[in-house]
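Here's model.cif, which has mmCIF, C-alpha atoms:
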```cif
data_run
loop_
_atom_site.label_atom_id
_atom_site.label_comp_id
_atom_site.auth_asym_id
_atom_site.auth_seq_id
_atom_site.Cartn_x
_atom_site.Cartn_y
_atom_site.Cartn_z
CA MET A 1263 96.09 79.78 121.40
CA GLU A 1264 99.08 77.54 122.11
CA TRP A 1265 101.11 80.44 123.46
CA ILE A 1266 98.30 81.30 125.88
CA ILE A 1267 98.28 77.73 127.17
CA GLY A 1268 102.07 77.87 127.51
CA VAL A 1269 101.88 81.10 129.50
CA LEU A 1270 99.22 79.62 131.79
CA ILE A 1271 101.32 76.52 132.39
CA VAL A 1272 104.42 78.58 133.22
CA ALA A 1273 102.38 80.85 135.49
CA GLY A 1274 100.94 77.84 137.28
CA LEU A 1275 104.36 76.30 137.79
CA LEU A 1276 105.74 79.58 139.13
CA PHE A 1277 102.78 79.84 141.52
CA LEU A 1278 103.36 76.32 142.83
CA LEU A 1279 107.09 76.95 143.18
CA ASP A 1280 106.42 80.16 145.09
CA ARG A 1281 104.10 78.31 147.48
CA GLU A 1282 106.63 75.52 147.93
CA ILE A 1283 109.47 77.91 148.72
CA TYR A 1284 107.79 80.59 150.82
CA ARG A 1285 104.89 78.75 152.44
CA TYR A 1286 106.34 75.26 152.84
CA GLU A 1287 110.02 76.31 153.06
CA GLY A 1288 111.16 73.66 150.60
CA ILE A 1289 109.80 70.62 152.46
CA HIS A 1290 109.06 68.70 149.25
CA ILE A 1291 112.26 69.47 147.30
CA GLY A 1292 114.96 67.74 149.32
CA SER A 1293 117.28 68.63 152.19
CA ARG A 1294 120.09 70.08 150.07
CA LEU A 1295 117.87 72.62 148.35
CA GLN A 1296 116.06 73.27 151.62
CA ALA A 1297 119.44 74.00 153.26
CA PHE A 1298 120.26 76.35 150.37
CA LEU A 1299 117.03 78.27 150.97
CA TYR A 1300 117.72 78.63 154.69
CA ASP A 1301 121.28 79.75 153.94
CA HIS A 1302 119.79 82.44 151.69
CA TRP A 1303 117.27 83.55 154.34
CA SER A 1304 119.57 83.27 157.35
CA LYS A 1305 120.80 86.86 157.72
CA ASN A 1306 117.27 88.28 157.83
CA TYR A 1307 115.54 85.28 159.42
CA ASP A 1308 115.27 86.62 162.97
CA GLN A 1309 113.88 89.92 161.75
CA ALA A 1310 111.19 88.10 159.79
CA LYS A 1311 110.35 85.93 162.82
CA GLN A 1312 110.17 88.70 165.43
CA VAL A 1313 106.49 88.11 166.18
CA SER A 1314 106.95 84.43 166.98
CA GLN A 1315 110.07 85.04 169.07
CA GLN A 1316 108.72 87.76 171.35
CA GLU A 1317 107.41 85.24 173.89
CA ASP A 1318 110.24 82.69 173.69
CA GLU A 1319 111.34 83.18 177.28
CA ALA A 1320 107.83 83.21 178.73
CA MET A 1321 106.34 80.44 176.59
CA LEU A 1322 109.34 78.18 175.94
CA ALA A 1323 112.33 78.68 178.21
CA ARG A 1324 110.68 79.23 181.60
CA PRO A 1325 108.03 76.48 181.24
CA LEU A 1326 110.76 74.08 180.15
CA LEU A 1327 112.91 74.95 183.17
CA GLU A 1328 109.94 74.31 185.46
CA LYS A 1329 109.67 70.79 184.04
CA ILE A 1330 113.37 70.00 184.56
CA ALA A 1331 113.76 71.72 187.93
CA GLY A 1332 116.13 69.72 190.10
CA ILE A 1333 118.48 68.76 187.23
CA PRO A 1334 121.57 70.87 187.95
CA VAL A 1335 123.23 70.62 184.51
CA PRO A 1336 120.69 69.38 181.95
CA LEU A 1337 121.94 68.26 178.53
CA VAL A 1338 119.64 69.69 175.83
CA LEU A 1339 119.43 68.75 172.16
CA ASP A 1340 117.79 71.34 169.89
CA VAL A 1341 116.87 69.79 166.52
CA ALA A 1342 116.27 72.22 163.62
CA ALA A 1343 117.73 74.92 165.87
CA GLY A 1344 117.88 77.57 163.17
CA THR A 1345 119.47 80.77 164.46
CA GLY A 1346 119.56 79.49 168.04
CA ARG A 1347 116.41 81.12 169.37
CA LEU A 1348 115.72 78.46 172.00
CA PRO A 1349 119.31 78.23 173.37
CA PHE A 1350 119.36 82.03 173.46
CA ALA A 1351 116.14 82.10 175.50
CA LEU A 1352 117.46 79.41 177.86
CA PHE A 1353 120.80 81.12 178.42
CA ASN A 1354 118.92 84.30 179.34
CA GLN A 1355 117.49 82.45 182.36
CA SER A 1356 119.89 82.77 185.29
CA GLU A 1357 118.81 79.40 186.71
CA PHE A 1358 119.71 77.49 183.54
CA MET A 1359 123.19 76.00 184.03
CA GLY A 1360 122.98 73.31 181.37
CA ARG A 1361 124.57 72.68 177.98
CA VAL A 1362 122.90 72.77 174.56
CA ILE A 1363 123.77 70.90 171.38
CA ALA A 1364 122.03 72.64 168.47
CA VAL A 1365 121.61 70.85 165.13
CA ASP A 1366 120.40 72.25 161.81
CA ILE A 1367 120.69 71.49 158.08
CA SER A 1368 121.75 75.05 157.24
CA MET A 1369 125.27 76.37 157.77
CA GLY A 1370 124.02 79.93 157.33
CA MET A 1371 121.46 79.57 160.13
CA LEU A 1372 124.04 78.02 162.44
CA GLU A 1373 126.52 80.81 161.72
CA GLN A 1374 123.87 83.28 162.87
CA ALA A 1375 123.32 81.15 165.98
CA HIS A 1376 127.06 81.23 166.71
CA LYS A 1377 127.08 85.04 166.61
CA LYS A 1378 124.04 85.16 168.89
CA LEU A 1379 125.36 82.67 171.45
CA ILE A 1380 129.11 83.45 171.47
CA SER A 1381 129.01 85.07 174.89
CA HIS A 1382 128.05 81.64 176.29
CA HIS A 1383 131.12 79.93 174.83
CA GLY A 1384 131.72 76.50 176.34
CA ARG A 1385 128.05 75.85 177.06
CA PHE A 1386 126.83 75.17 173.55
CA SER A 1387 127.85 73.23 170.44
CA LEU A 1388 126.55 73.75 166.91
CA MET A 1389 126.40 70.95 164.34
CA GLN A 1390 125.29 70.79 160.72
CA TYR A 1391 123.64 67.47 159.88
CA ARG A 1392 121.04 66.87 157.20
CA THR A 1393 119.39 63.48 157.75
CA PHE A 1394 117.95 61.19 160.39
CA PRO A 1395 119.10 59.27 162.32
CA LEU A 1396 121.28 61.78 164.13
CA PRO A 1397 124.78 60.61 165.14
CA PHE A 1398 124.08 60.03 168.82
CA GLN A 1399 123.39 56.82 170.71
CA ASP A 1400 120.05 56.00 172.29
CA GLU A 1401 118.93 57.86 175.42
CA THR A 1402 121.63 60.54 175.36
CA PHE A 1403 119.76 63.75 176.25
CA ASP A 1404 117.74 64.99 179.23
CA VAL A 1405 115.73 67.32 176.97
CA VAL A 1406 115.04 67.15 173.23
CA CYS A 1407 113.50 70.13 171.42
CA CYS A 1408 112.20 70.65 167.90
CA VAL A 1409 110.38 73.98 167.69
CA GLU A 1410 108.54 75.38 164.65
CA ALA A 1411 109.99 72.61 162.50
CA LEU A 1412 108.12 69.32 162.94
CA GLU A 1413 105.50 70.24 160.35
CA LEU A 1414 108.31 70.87 157.84
CA ILE A 1415 109.67 67.33 158.21
CA GLY A 1416 108.08 65.01 155.68
CA GLU A 1417 108.08 61.79 157.71
CA LYS A 1418 106.62 63.02 160.99
CA GLN A 1419 106.20 59.58 162.52
CA ALA A 1420 109.85 58.69 161.85
CA ALA A 1421 110.94 62.09 163.16
CA VAL A 1422 108.97 61.73 166.38
CA LYS A 1423 110.40 58.25 166.95
CA GLU A 1424 113.91 59.61 166.41
CA LEU A 1425 113.32 62.33 169.00
CA ALA A 1426 112.09 59.64 171.40
CA ARG A 1427 115.14 57.47 170.71
CA LEU A 1428 117.51 60.26 171.70
CA LEU A 1429 115.71 61.16 174.93
CA ARG A 1430 116.60 59.59 178.27
CA PRO A 1431 113.83 57.86 180.24
CA GLY A 1432 112.01 60.50 182.24
CA GLY A 1433 113.25 63.22 179.88
CA ILE A 1434 111.20 66.05 178.38
CA LEU A 1435 110.28 66.72 174.76
CA LEU A 1436 109.47 70.29 173.69
CA THR A 1437 108.05 70.66 170.20
CA SER A 1438 105.26 72.54 168.42
CA ARG A 1439 102.28 72.10 166.12
CA GLY A 1440 101.56 74.32 163.14
CA THR A 1441 97.93 75.35 163.38
CA GLU A 1442 95.24 75.48 160.76
CA ASP A 1443 95.78 79.27 160.57
CA SER A 1444 99.35 78.78 159.34
CA GLY A 1445 98.21 78.37 155.73
CA ARG A 1446 100.18 75.12 155.47
CA GLY A 1447 97.20 72.88 155.03
CA MET A 1448 99.14 70.15 153.26
CA VAL A 1449 101.37 69.49 156.29
CA VAL A 1450 99.23 70.51 159.27
CA VAL A 1451 98.14 67.72 161.59
CA SER A 1452 95.45 68.10 164.21
CA ALA A 1453 96.28 68.28 167.91
CA GLU A 1454 94.62 64.87 168.31
CA MET A 1455 96.70 63.33 165.52
CA LEU A 1456 99.96 64.78 166.86
CA THR A 1457 99.10 63.51 170.34
CA ALA A 1458 98.51 60.05 168.89
CA LEU A 1459 101.85 60.17 167.01
CA LEU A 1460 103.68 61.09 170.20
CA GLN A 1461 101.94 58.39 172.23
CA ASP A 1462 102.68 55.83 169.52
CA ALA A 1463 106.37 56.78 169.84
CA GLY A 1464 106.18 56.07 173.58
CA PHE A 1465 105.58 59.54 175.03
CA GLU A 1466 103.13 60.30 177.80
CA ASP A 1467 101.70 63.42 179.49
CA VAL A 1468 101.26 65.15 176.12
CA GLN A 1469 100.25 68.80 176.57
CA VAL A 1470 99.21 70.90 173.56
CA THR A 1471 98.94 74.59 174.53
CA PRO A 1472 98.02 77.68 172.45
CA TRP A 1473 101.20 79.67 171.84
CA TRP A 1474 100.57 82.16 169.06
CA ARG A 1475 98.17 82.19 166.13
CA VAL A 1476 100.00 79.79 163.84
CA PHE A 1477 101.64 77.49 166.41
CA ASN A 1478 100.81 75.44 169.48
CA ARG A 1479 103.44 74.58 172.06
CA VAL A 1480 103.73 70.87 172.82
CA PHE A 1481 105.33 69.20 175.84
CA ALA A 1482 105.59 65.43 176.38
CA ARG A 1483 107.54 63.12 178.67
CA LYS A 1484 109.30 59.83 178.04
CA PRO A 1485 108.27 57.29 180.71
CA GLY A 1486 110.78 56.39 183.39
CA THR A 1487 112.88 58.00 186.07
CA LEU A 1488 115.40 60.48 184.78
CA ILE A 1489 119.05 59.85 185.58
CA PRO A 1490 120.65 63.06 184.25
CA ALA A 1491 123.27 62.86 181.53
CA GLY A 1492 125.55 65.33 183.30
CA GLY A 1493 127.53 68.21 181.84
CA LYS A 1494 128.58 66.62 178.56
CA SER A 1495 129.51 68.41 175.35
CA LEU A 1496 129.34 67.39 171.70
CA LYS A 1497 132.76 65.70 171.76
CA ASP A 1498 131.52 63.45 174.56
CA VAL A 1499 128.35 62.20 172.83
CA LEU A 1500 129.06 62.37 169.08
CA ARG A 1501 129.16 59.07 167.20
CA CYS A 1502 132.14 58.83 164.84
CA PRO A 1503 130.99 58.66 161.19
CA ARG A 1504 133.78 56.18 160.39
CA CYS A 1505 134.13 53.72 163.28
CA GLY A 1506 130.80 54.30 165.04
CA GLN A 1507 132.37 54.77 168.47
CA VAL A 1508 130.81 57.39 170.75
CA GLY A 1509 132.83 60.13 172.42
CA GLY A 1510 136.57 60.27 172.86
CA PHE A 1511 137.02 63.16 170.43
CA ALA A 1512 139.89 65.61 170.84
CA GLU A 1513 138.98 69.12 169.70
CA ASN A 1514 140.67 72.24 168.44
CA GLU A 1515 139.50 75.32 166.54
CA SER A 1516 139.25 73.57 163.17
CA THR A 1517 138.47 69.89 163.86
CA LEU A 1518 137.25 67.19 166.16
CA GLN A 1519 139.42 64.06 165.95
CA CYS A 1520 138.13 60.64 166.93
CA GLY A 1521 140.33 59.07 169.58
CA HIS A 1522 139.46 55.58 168.32
CA CYS A 1523 140.17 55.77 164.55
CA ASN A 1524 141.64 59.29 164.14
CA ARG A 1525 138.85 60.38 161.75
CA GLN A 1526 138.72 64.17 161.66
CA VAL A 1527 135.41 66.03 161.64
CA LYS A 1528 135.64 69.57 160.29
CA ARG A 1529 134.69 72.66 162.27
CA GLN A 1530 133.78 75.77 160.25
CA SER A 1531 132.79 79.17 161.69
CA GLY A 1532 132.18 77.53 165.06
CA VAL A 1533 130.01 74.80 163.50
CA VAL A 1534 130.88 71.10 163.42
CA VAL A 1535 130.07 69.64 160.00
CA VAL A 1536 129.33 65.90 160.17
#
```

Let me see whether you can do it: turn the structure in this file into C-alpha cells.
Amino acid sequence: MEWIIGVLIVAGLLFLLDREIYRYEGIHIGSRLQAFLYDHWSKNYDQAKQVSQQEDEAMLARPLLEKIAGIPVPLVLDVAAGTGRLPFALFNQSEFMGRVIAVDISMGMLEQAHKKLISHHGRFSLMQYRTFPLPFQDETFDVVCCVEALELIGEKQAAVKELARLLRPGGILLTSRGTEDSGRGMVVVSAEMLTALLQDAGFEDVQVTPWWRVFNRVFARKPGTLIPAGGKSLKDVLRCPRCGQVGGFAENESTLQCGHCNRQVKRQSGVVVV
C-alpha cells in the first residue's frame, strides 16, 4: 500500500512540474531557472509560436506606427523581447525609422533575435537583464512594449509601474493580456482588472482588443505631450551598474565601457550582459 501512495505522490509532483514548465513557463520557480528553460526552447521557439506570429505586422507593428506617426526616429524598448518578433515586424515596415532596445532574461532567445535582426545592424541593441528595475532612468523611451509576457511576470502591478516609469510623457505602451482560453487560469487577469492596473500606474486611453484566441492586444498612453527621445542607442541610455551614471559608454565588439568609472559591461554574441 505504501508503494502505491509513493507512486501517486511522485506522479502528482511530475504532473505539477509539467504544468509549471510547459503551461506557466517557469513563472513560479525563479528567473534563473526560467532563463534556463527559455535557453533550452530558444532554437525551436519561433516554430512553436508560428500561429501567434502570423499577424504581428497587421496587429502589432502597423497599429503601433499609427499611434506614433509624426515621431521621425522613435526610441522603442521591448521588454521580454524573446526572439525579437516585435522588432522584426517593425523593421519590416518601411516607414519605421526608429531604434529598438530589446531586453530579455534568456541569452538563447536573444541570440536568436540577433540572427533574425542582423540585417538591421545599428538600429537595434540586445540586452540580457533578469530583474526589475531595468537599468534606465525615468522617462527614457517613446514606446515601451511587453508582448505575450505580462501574465508570466509574478508581480504584475510592480511590472506595470516599471513600464510606466520608463515611458516618456505622451508615450505609448503596447502589451497584451492572456485570455481565459489560454489555460493559464492561475495567472490570467480580466480585461477590467488589467485596465484598472494600468490606470493605477498612471496610464490612460487603455484599449483592449481581441488579437488571437489566447491573447488580447493592449494599448495605453502615458499622459502628457511627447517630446521624442531622439535617435539614441543603448550606450546613450544605459545606467552604469557601478557608478549609476547614465550614458557615456564607449563600445566595441566585446564590451561597453563606462566613460565615468571605466566599468566594463560584457557583450556576448551581439548581446550586452548587464

What residues come out when you apply the PyMOL selection byres ((chain A and resi 1529) around 12) to this file, written as a PDB file with C-alpha atoms, in the frame of the given file?
```
ATOM      1  CA  MET A1369     125.270  76.370 157.770  1.00  0.00           C
ATOM      2  CA  LEU A1372     124.040  78.020 162.440  1.00  0.00           C
ATOM      3  CA  GLU A1373     126.520  80.810 161.720  1.00  0.00           C
ATOM      4  CA  SER A1387     127.850  73.230 170.440  1.00  0.00           C
ATOM      5  CA  LEU A1388     126.550  73.750 166.910  1.00  0.00           C
ATOM      6  CA  MET A1389     126.400  70.950 164.340  1.00  0.00           C
ATOM      7  CA  GLN A1390     125.290  70.790 160.720  1.00  0.00           C
ATOM      8  CA  LYS A1497     132.760  65.700 171.760  1.00  0.00           C
ATOM      9  CA  GLU A1513     138.980  69.120 169.700  1.00  0.00           C
ATOM     10  CA  ASN A1514     140.670  72.240 168.440  1.00  0.00           C
ATOM     11  CA  GLU A1515     139.500  75.320 166.540  1.00  0.00           C
ATOM     12  CA  SER A1516     139.250  73.570 163.170  1.00  0.00           C
ATOM     13  CA  THR A1517     138.470  69.890 163.860  1.00  0.00           C
ATOM     14  CA  LEU A1518     137.250  67.190 166.160  1.00  0.00           C
ATOM     15  CA  GLN A1519     139.420  64.060 165.950  1.00  0.00           C
ATOM     16  CA  GLN A1526     138.720  64.170 161.660  1.00  0.00           C
ATOM     17  CA  VAL A1527     135.410  66.030 161.640  1.00  0.00           C
ATOM     18  CA  LYS A1528     135.640  69.570 160.290  1.00  0.00           C
ATOM     19  CA  GLN A1530     133.780  75.770 160.250  1.00  0.00           C
ATOM     20  CA  SER A1531     132.790  79.170 161.690  1.00  0.00           C
ATOM     21  CA  GLY A1532     132.180  77.530 165.060  1.00  0.00           C
ATOM     22  CA  VAL A1533     130.010  74.800 163.500  1.00  0.00           C
ATOM     23  CA  VAL A1534     130.880  71.100 163.420  1.00  0.00           C
ATOM     24  CA  VAL A1535     130.070  69.640 160.000  1.00  0.00           C
ATOM     25  CA  VAL A1536     129.330  65.900 160.170  1.00  0.00           C
TER      26      VAL A1536
END
```

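Going from atom CA of A:Phe1398 to atom CA of A:Asp1308 covers 28.6 Å.
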
Excluding stretch 1406-1410 of chain A and any residue of its chain fewer than 6 positions from it, enumerate the residues within 8 Å of it, using only C-alpha atoms, and give them as a PDB file with C-alpha atoms, in the coordinates of the input.
```pdb
ATOM      1  CA  VAL A1338     119.640  69.690 175.830  1.00  0.00           C
ATOM      2  CA  LEU A1339     119.430  68.750 172.160  1.00  0.00           C
ATOM      3  CA  ASP A1340     117.790  71.340 169.890  1.00  0.00           C
ATOM      4  CA  VAL A1341     116.870  69.790 166.520  1.00  0.00           C
ATOM      5  CA  ALA A1342     116.270  72.220 163.620  1.00  0.00           C
ATOM      6  CA  ALA A1343     117.730  74.920 165.870  1.00  0.00           C
ATOM      7  CA  LEU A1425     113.320  62.330 169.000  1.00  0.00           C
ATOM      8  CA  LEU A1428     117.510  60.260 171.700  1.00  0.00           C
ATOM      9  CA  LEU A1429     115.710  61.160 174.930  1.00  0.00           C
ATOM     10  CA  GLY A1433     113.250  63.220 179.880  1.00  0.00           C
ATOM     11  CA  ILE A1434     111.200  66.050 178.380  1.00  0.00           C
ATOM     12  CA  LEU A1435     110.280  66.720 174.760  1.00  0.00           C
ATOM     13  CA  LEU A1436     109.470  70.290 173.690  1.00  0.00           C
ATOM     14  CA  THR A1437     108.050  70.660 170.200  1.00  0.00           C
ATOM     15  CA  SER A1438     105.260  72.540 168.420  1.00  0.00           C
ATOM     16  CA  ARG A1439     102.280  72.100 166.120  1.00  0.00           C
ATOM     17  CA  GLY A1440     101.560  74.320 163.140  1.00  0.00           C
ATOM     18  CA  PHE A1477     101.640  77.490 166.410  1.00  0.00           C
TER      19      PHE A1477
END
```

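You can rank A:Met1371, A:Ile1363, A:Ala1320, A:Val1335 by their closest distance to A:Leu1299 using all atoms listed in the file, and at the top of that list sits A:Met1371.
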
- Nearest to A:Ala1482 among A:Asn1354, A:Ser1495, A:Ser1314, A:Gln1461, with distances taken over only C-alpha atoms: which residue is it? A:Gln1461

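Interatomic distance, atom CA of A:Ala1375 to atom CA of A:Gly1346: 4.6 Å.
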
- Message: If I take atom CA of A:Asp1462 and atom CA of A:Glu1417, how far is one from the other in Å, to one decimal?
- Response: 14.3 Å

- Message: Which residues would end up in the selection if the PyMOL selection byres ((chain A and resi 1303) around 12) were applied here, given that I need the answer as a ChimeraX atom specification?
- Response: /A:1283-1284,1287,1296-1302,1304-1311,1344-1345,1368-1372,1374

- Message: Residues near A:Glu1401, anyone? I mean within 8 Å using only C-alpha atoms, not counting same-chain ones fewer than 2 positions away, as a PyMOL selection string.
- Response: chain A and resi 1399+1403+1427-1431

- Can you turn the PyMOL selection byres ((chain A and resi 1432) around 6) into a concrete residue list for this file, as a list in words? Pro1431, Gly1433, Lys1484, Pro1485, Gly1486, Thr1487 and Leu1488 of chain A
